[in-house]
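Inspection log for the structure reproduced underneath, given as structure tokens.
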Amino acid sequence: MNRNKSILRTGVALCAFAAVAVAVPVFGQGKTKSGSSASELQKGKAVFDKTCAGCHKSMSPKITEKDKWAPILKQGETTMVATVIKGKGVMPPRGGAASDEDVRAAVKYLESVVK
């Protein structure tokens with residue numbers, strides 16, 4: 001009988017641990033240093049990888065060239081989003097992104113990476 005109680009307690013403890021392990025990522029999605037949530041940045045990364053990375057990994061300003069992004073970041077997020085929506089130089093309107101929301105998400109992700 002004691003063995004059954006021990007197994008039951010172990011099972012309950014494992015269930016409690018599993019519930020905490022599953023809940024932590026959900027509750028851990030607060031705001032990041034950039035002011036965006038982790039899920040917003042994940043969406044932005046997906047948009048960036050799909051529509052922006054092809055150019056910004058090989059053409060200037062490259063995502064790795066933080067010094068070249070500094071003056072662009074100083075313009076502010078609103079200006080950056082407007083520039084991408086309008087297009088600039090060889091960058092097409094929206095940078096190829098589907099919507100203004102996608103553009104905003106990609107800009108927020110980019111800001112978090114190049115700061």
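Order determines the names: the first chain of the structure tokens is A, the second B, and so forth; residues in each chain are numbered 1 upward, and ligands are numbered 1 upward as they are shown.
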
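Residues with any atom within 12 Å of Gly87 (chain A), counting only C-alpha atoms and excluding same-chain neighbours fewer than 6 positions away, are Thr79, Met80, Val81, Pro93, Arg94, Gly95, Gly96, Ala97 and Val103 of chain A.
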
Taking C-alpha atoms for each residue, export the selection above as a PDB file, in the first residue's frame.
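The new file selection-v9.pdb reads:
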ATOM      1  CA  THR A  79       9.921  56.713 -40.338  1.00  0.00           C
ATOM      2  CA  MET A  80      11.510  53.330 -40.956  1.00  0.00           C
ATOM      3  CA  VAL A  81       8.100  51.686 -41.431  1.00  0.00           C
ATOM      4  CA  PRO A  93       7.245  48.904 -51.744  1.00  0.00           C
ATOM      5  CA  ARG A  94       6.741  46.987 -48.516  1.00  0.00           C
ATOM      6  CA  GLY A  95      10.055  45.303 -49.220  1.00  0.00           C
ATOM      7  CA  GLY A  96       7.959  42.514 -50.700  1.00  0.00           C
ATOM      8  CA  ALA A  97       5.974  42.013 -47.460  1.00  0.00           C
ATOM      9  CA  VAL A 103       6.369  45.574 -42.433  1.00  0.00           C
TER      10      VAL A 103
END

Residues near Lys66 (chain A), cut-off 12 Å, only C-alpha atoms, skip fewer than 2 positions along chain, as a list of chain:residue names: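 Result of the neighbour search: A:His56, A:Ser60, A:Pro61, A:Lys62, A:Ile63, A:Thr64, A:Lys68, A:Trp69, A:Ala70, A:Pro71, A:Ile72, A:Leu73, A:Leu110, A:Glu111, A:Ser112, A:Val113, A:Val114, A:Lys115.
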
Distance criterion (only C-alpha atoms): nearest to Ala82 (chain A) out of A:Gln42, A:Lys108, A:Asp100, A:Lys50: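 Going through A:Gln42, A:Lys108, A:Asp100, A:Lys50 one by one, the smallest distance to Ala82 (chain A) is for A:Asp100.
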
Test item: residues at most 12 Å from Thr51 (chain A), only C-alpha atoms, excluding those fewer than 3 positions along its chain, as a list in words: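 The neighbour list is Gly44, Lys45, Ala46, Val47, Phe48, Gly54, Cys55, His56, Lys57, Val84, Met91, Pro92, Pro93, Arg94, Gly95, Gly96, Ala97, Ala98, Ser99, Asp102, Val103, Ala105, Ala106 and Val107 of chain A.
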
Prev. selection, N, CA and C atoms, output as a PDB file, in the first residue's frame:
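The resulting file, selection.pdb, is reproduced below:
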ATOM      1  N   GLY A  44       8.040  38.969 -36.745  1.00  0.00           N
ATOM      2  CA  GLY A  44       8.917  39.859 -37.492  1.00  0.00           C
ATOM      3  C   GLY A  44      10.091  39.121 -38.110  1.00  0.00           C
ATOM      4  N   LYS A  45      10.656  38.181 -37.369  1.00  0.00           N
ATOM      5  CA  LYS A  45      11.771  37.386 -37.899  1.00  0.00           C
ATOM      6  C   LYS A  45      11.309  36.566 -39.092  1.00  0.00           C
ATOM      7  N   ALA A  46      10.126  35.979 -38.991  1.00  0.00           N
ATOM      8  CA  ALA A  46       9.597  35.175 -40.101  1.00  0.00           C
ATOM      9  C   ALA A  46       9.404  36.039 -41.346  1.00  0.00           C
ATOM     10  N   VAL A  47       8.841  37.241 -41.164  1.00  0.00           N
ATOM     11  CA  VAL A  47       8.643  38.155 -42.294  1.00  0.00           C
ATOM     12  C   VAL A  47       9.996  38.576 -42.848  1.00  0.00           C
ATOM     13  N   PHE A  48      10.923  38.950 -41.958  1.00  0.00           N
ATOM     14  CA  PHE A  48      12.250  39.378 -42.394  1.00  0.00           C
ATOM     15  C   PHE A  48      12.944  38.268 -43.177  1.00  0.00           C
ATOM     16  N   GLY A  54      17.016  38.171 -48.070  1.00  0.00           N
ATOM     17  CA  GLY A  54      17.701  37.940 -49.334  1.00  0.00           C
ATOM     18  C   GLY A  54      18.596  39.098 -49.727  1.00  0.00           C
ATOM     19  N   CYS A  55      18.122  40.302 -49.509  1.00  0.00           N
ATOM     20  CA  CYS A  55      18.919  41.499 -49.832  1.00  0.00           C
ATOM     21  C   CYS A  55      19.779  41.950 -48.652  1.00  0.00           C
ATOM     22  N   HIS A  56      19.187  42.003 -47.467  1.00  0.00           N
ATOM     23  CA  HIS A  56      19.912  42.575 -46.322  1.00  0.00           C
ATOM     24  C   HIS A  56      20.943  41.640 -45.708  1.00  0.00           C
ATOM     25  N   LYS A  57      21.108  40.461 -46.278  1.00  0.00           N
ATOM     26  CA  LYS A  57      22.231  39.603 -45.886  1.00  0.00           C
ATOM     27  C   LYS A  57      23.389  39.743 -46.865  1.00  0.00           C
ATOM     28  N   VAL A  84       9.876  51.764 -45.674  1.00  0.00           N
ATOM     29  CA  VAL A  84       9.732  50.413 -46.227  1.00  0.00           C
ATOM     30  C   VAL A  84       8.410  50.292 -46.993  1.00  0.00           C
ATOM     31  N   MET A  91      14.790  48.687 -53.166  1.00  0.00           N
ATOM     32  CA  MET A  91      13.816  48.005 -52.311  1.00  0.00           C
ATOM     33  C   MET A  91      12.404  48.320 -52.799  1.00  0.00           C
ATOM     34  N   PRO A  92      11.640  47.295 -53.153  1.00  0.00           N
ATOM     35  CA  PRO A  92      10.271  47.530 -53.625  1.00  0.00           C
ATOM     36  C   PRO A  92       9.364  47.965 -52.477  1.00  0.00           C
ATOM     37  N   PRO A  93       8.201  48.556 -52.800  1.00  0.00           N
ATOM     38  CA  PRO A  93       7.245  48.904 -51.744  1.00  0.00           C
ATOM     39  C   PRO A  93       6.965  47.706 -50.844  1.00  0.00           C
ATOM     40  N   ARG A  94       6.931  47.988 -49.577  1.00  0.00           N
ATOM     41  CA  ARG A  94       6.741  46.987 -48.516  1.00  0.00           C
ATOM     42  C   ARG A  94       7.880  45.979 -48.471  1.00  0.00           C
ATOM     43  N   GLY A  95       8.922  46.236 -49.202  1.00  0.00           N
ATOM     44  CA  GLY A  95      10.055  45.303 -49.220  1.00  0.00           C
ATOM     45  C   GLY A  95       9.653  43.917 -49.657  1.00  0.00           C
ATOM     46  N   GLY A  96       8.484  43.806 -50.284  1.00  0.00           N
ATOM     47  CA  GLY A  96       7.959  42.514 -50.700  1.00  0.00           C
ATOM     48  C   GLY A  96       7.017  41.893 -49.678  1.00  0.00           C
ATOM     49  N   ALA A  97       6.869  42.539 -48.502  1.00  0.00           N
ATOM     50  CA  ALA A  97       5.974  42.013 -47.460  1.00  0.00           C
ATOM     51  C   ALA A  97       4.518  42.180 -47.897  1.00  0.00           C
ATOM     52  N   ALA A  98       3.658  41.361 -47.348  1.00  0.00           N
ATOM     53  CA  ALA A  98       2.255  41.331 -47.758  1.00  0.00           C
ATOM     54  C   ALA A  98       1.435  42.505 -47.224  1.00  0.00           C
ATOM     55  N   SER A  99       1.759  43.002 -46.052  1.00  0.00           N
ATOM     56  CA  SER A  99       0.916  44.027 -45.439  1.00  0.00           C
ATOM     57  C   SER A  99       1.752  45.013 -44.626  1.00  0.00           C
ATOM     58  N   ASP A 102       2.900  43.416 -41.492  1.00  0.00           N
ATOM     59  CA  ASP A 102       4.107  42.609 -41.678  1.00  0.00           C
ATOM     60  C   ASP A 102       5.356  43.488 -41.704  1.00  0.00           C
ATOM     61  N   VAL A 103       5.245  44.631 -42.378  1.00  0.00           N
ATOM     62  CA  VAL A 103       6.369  45.574 -42.433  1.00  0.00           C
ATOM     63  C   VAL A 103       6.742  46.016 -41.025  1.00  0.00           C
ATOM     64  N   ALA A 105       6.180  44.549 -38.189  1.00  0.00           N
ATOM     65  CA  ALA A 105       6.766  43.427 -37.441  1.00  0.00           C
ATOM     66  C   ALA A 105       8.217  43.209 -37.855  1.00  0.00           C
ATOM     67  N   ALA A 106       8.493  43.264 -39.156  1.00  0.00           N
ATOM     68  CA  ALA A 106       9.870  43.070 -39.635  1.00  0.00           C
ATOM     69  C   ALA A 106      10.780  44.185 -39.147  1.00  0.00           C
ATOM     70  N   VAL A 107      10.281  45.430 -39.138  1.00  0.00           N
ATOM     71  CA  VAL A 107      11.082  46.568 -38.649  1.00  0.00           C
ATOM     72  C   VAL A 107      11.381  46.397 -37.168  1.00  0.00           C
TER      73      VAL A 107
END

Distance in Å - CA of Lys43 (chain A) versus CA of Tyr109 (chain A): 8.2 Å
